[in-house]
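S.K.: Please see the structure below; I have some questions.
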Amino acid sequence: MVFWEGYVSDEAMGTVAPVVVYWLYAGFYQLLPHLDKYRLHTRKEEEEKNAVPFVSVVRGVLFQQFVQATVAKLLFLLTSTADASGTTIQPSVPVQLAQFIVAMLVMDTWQYFVHRFMHQNKFLYRHVHSQHHRLVVPYAIGALYNHPLEGLLLDTFGGAISFLVSGMTARTAVIFFCFAVIKTVDDHCGLWLPGNIFHIFFWNNSAYHDIHHQLQGTKYNYSQPFFANWDKLLGTHMAYDLLKRPEGGFEVRLKKD
């Protein structure tokens with residue numbers, strides 16, 4: 001049983017919850033006090049290097065989420081296995097955990113190869129993917145700031161394929177997509193906070209992805225949002241040293257394997 005049962009359908013929750021969680025988690029980062037001693041880039045770097053206004057970023061994210069919610073609603077409608085009373089039989093917890101892991105691996109695989117192709121294809125990079133890289137210094141709210149076509153191909157289709165291949169129900173999908181959103185936001189937060197659980201359990205984290213946003217690292221660290229397996233297998237992994245800056249904060253320094 002879940003807390004929304006009896007109030008909202010799993011399908012409705014799976015459509016709306018990832019959007020709400022995105023703005024709650026990204027908003028939490030946005031509202032934090034100045035944490036200069038934990039930043040991966042200085043505020044001056046953010047102001048000088050980022051080439052898109054904050055308002056445009058918010059507008060772009062909202063549009064992508066509208067598309068994602070529309071696709072999610074359609075996907076849940078087409079795959080619903082609810083009986084006449086509207087009840088869906090949920091698999092056992094071990095099965096749900098297995099589906100969760102499968103979905104993580106499928107999403108990682110899809111996003112790695114689509115993401116890498118968008119860098120290798122000069123037309124797609126120039127006209128599509130470069131929009132995301134206008135945020136040279138990432139921040140939480142900009143995690144889903146993409147060209148609409150990229151948002152559709154990389155994130156929306158990637159999520160749909162993960163859901164379909166794993167065979168998860170809408171209820172499991174609520175948890176999976178919310179987790180994926182939180183992980184994606186955290187990878188773009190631009191901070192290295194002590195005790196961050198994602199830094200403890202995932203090599204692919206805010207510092208790892210920061211390498212990819214740097215000019216000299218754009219051909220490396222394509223993996224997202226969970227593991228770094230494909231980068232390591234296919235030679236696009238770029239290691240790094242995390243060094244403290246004398247003036248406060250950290251510097252992610254590239255270290256070729």
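Residues in the structure tokens are named by chain (A, B, ... in the order shown) and by number from 1 within that chain; ligands are numbered from 1 in the order shown.
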At a cut-off of 12 Å, using only C-alpha atoms, what residues contact Tyr29 of chain A? Leave out same-chain residues fewer than 4 positions from it and give the result as an MDAnalysis selection string.

M.R.: chainID A and resid 22:25 33:35 39 139:143 182 185:193

S.K.: Excluding Ser166 of chain A and residues on its chain fewer than 5 positions from it, collect all residues at most 7 Å away from it, counting only C-alpha atoms, and give them as a PDB file with C-alpha atoms, in the first residue's frame.

M.R.:
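Contents of result-v3.pdb, freshly written:
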ATOM      1  CA  GLN A  99      12.369  -4.315 -12.522  1.00  0.00           C
ATOM      2  CA  VAL A 102      16.520  -3.350 -15.201  1.00  0.00           C
ATOM      3  CA  ALA A 103      14.968   0.081 -15.795  1.00  0.00           C
TER       4      ALA A 103
END

S.K.: Could you tell me how far atom CA of Gly158 of chain A lies from atom CA of Leu74 of chain A, in Å and to one decimal?

M.R.: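 Those two atoms sit 15.1 Å apart.
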
S.K.: Which residue gives the smallest distance to Leu62 of chain A among A:Gln30, A:Asn121, A:Asn146, A:Thr109, with only C-alpha atoms counted?

M.R.: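 Checking each candidate against Leu62 of chain A, we get A:Asn146 as the closest.
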
S.K.: What lies within 12 Å of Gly217 of chain A using only C-alpha atoms, ignoring chain neighbours under 3 positions off, as number ranges by chain?

M.R.: A: 119, 133, 136, 207-214, 220-222, 236-240, 252-256

S.K.: When you count only C-alpha atoms, which of these residues is closest to Ser162 of chain A: A:Asp108, A:Glu48, A:Asp10, A:Asp36?

M.R.: A:Asp108

S.K.: Compare A:Asp155, A:Glu11, A:Glu150, A:Glu45 by their minimum atom-to-atom distance to Thr87 of chain A, counting only C-alpha atoms, and give me the closest one.

M.R.: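 Closest to Thr87 of chain A of all the choices is A:Glu11.
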
S.K.: If you run DSSP on the backbone here, which positions in segment 35-182 of chain A get alpha helix (DSSP H)? Please write them as JSON, numbers by chain.

M.R.: {"A": [43, 44, 45, 46, 47, 48, 49, 54, 55, 56, 57, 58, 59, 60, 61, 62, 63, 64, 65, 66, 67, 68, 69, 70, 71, 72, 73, 74, 75, 76, 77, 78, 79, 93, 94, 95, 96, 97, 98, 99, 100, 101, 102, 103, 104, 105, 106, 107, 108, 109, 110, 111, 112, 113, 114, 115, 116, 117, 118, 119, 120, 122, 123, 124, 125, 126, 127, 148, 149, 150, 157, 158, 159, 160, 161, 162, 163, 164, 165, 166, 170, 171, 172, 173, 174, 175, 176, 177, 178, 179, 180, 181, 182]}

S.K.: Using only C-alpha atoms, which protein or nucleic acid residues come within 12 Å of Val95 of chain A? Drop anything in the same chain fewer than 6 positions from it, and give the result as a list in words.

M.R.: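 Selected residues are Ile101, Val102, Ser166, Gly167, Met168, Thr169 and Thr172 of chain A.
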
S.K.: Please produce a file of the residues just selected, as a PDB file, in the first residue's frame, where the atoms kept are N, CA and C atoms.

M.R.:
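Output (part-v3.pdb):
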ATOM      1  N   ILE A 101      15.995  -2.228 -11.187  1.00  0.00           N
ATOM      2  CA  ILE A 101      17.389  -2.323 -11.642  1.00  0.00           C
ATOM      3  C   ILE A 101      17.459  -2.425 -13.158  1.00  0.00           C
ATOM      4  N   VAL A 102      16.560  -3.240 -13.736  1.00  0.00           N
ATOM      5  CA  VAL A 102      16.520  -3.350 -15.201  1.00  0.00           C
ATOM      6  C   VAL A 102      16.250  -1.985 -15.828  1.00  0.00           C
ATOM      7  N   SER A 166      11.299  -2.978 -18.686  1.00  0.00           N
ATOM      8  CA  SER A 166      11.326  -3.528 -17.329  1.00  0.00           C
ATOM      9  C   SER A 166      10.028  -4.224 -16.958  1.00  0.00           C
ATOM     10  N   GLY A 167       8.931  -3.824 -17.587  1.00  0.00           N
ATOM     11  CA  GLY A 167       7.638  -4.430 -17.280  1.00  0.00           C
ATOM     12  C   GLY A 167       7.031  -3.958 -15.972  1.00  0.00           C
ATOM     13  N   MET A 168       7.520  -2.867 -15.439  1.00  0.00           N
ATOM     14  CA  MET A 168       7.022  -2.370 -14.159  1.00  0.00           C
ATOM     15  C   MET A 168       5.599  -1.831 -14.274  1.00  0.00           C
ATOM     16  N   THR A 169       4.903  -1.827 -13.172  1.00  0.00           N
ATOM     17  CA  THR A 169       3.571  -1.237 -13.132  1.00  0.00           C
ATOM     18  C   THR A 169       3.692   0.267 -12.944  1.00  0.00           C
ATOM     19  N   THR A 172       5.181   1.180  -9.471  1.00  0.00           N
ATOM     20  CA  THR A 172       6.641   1.112  -9.393  1.00  0.00           C
ATOM     21  C   THR A 172       7.267   2.263 -10.169  1.00  0.00           C
TER      22      THR A 172
END
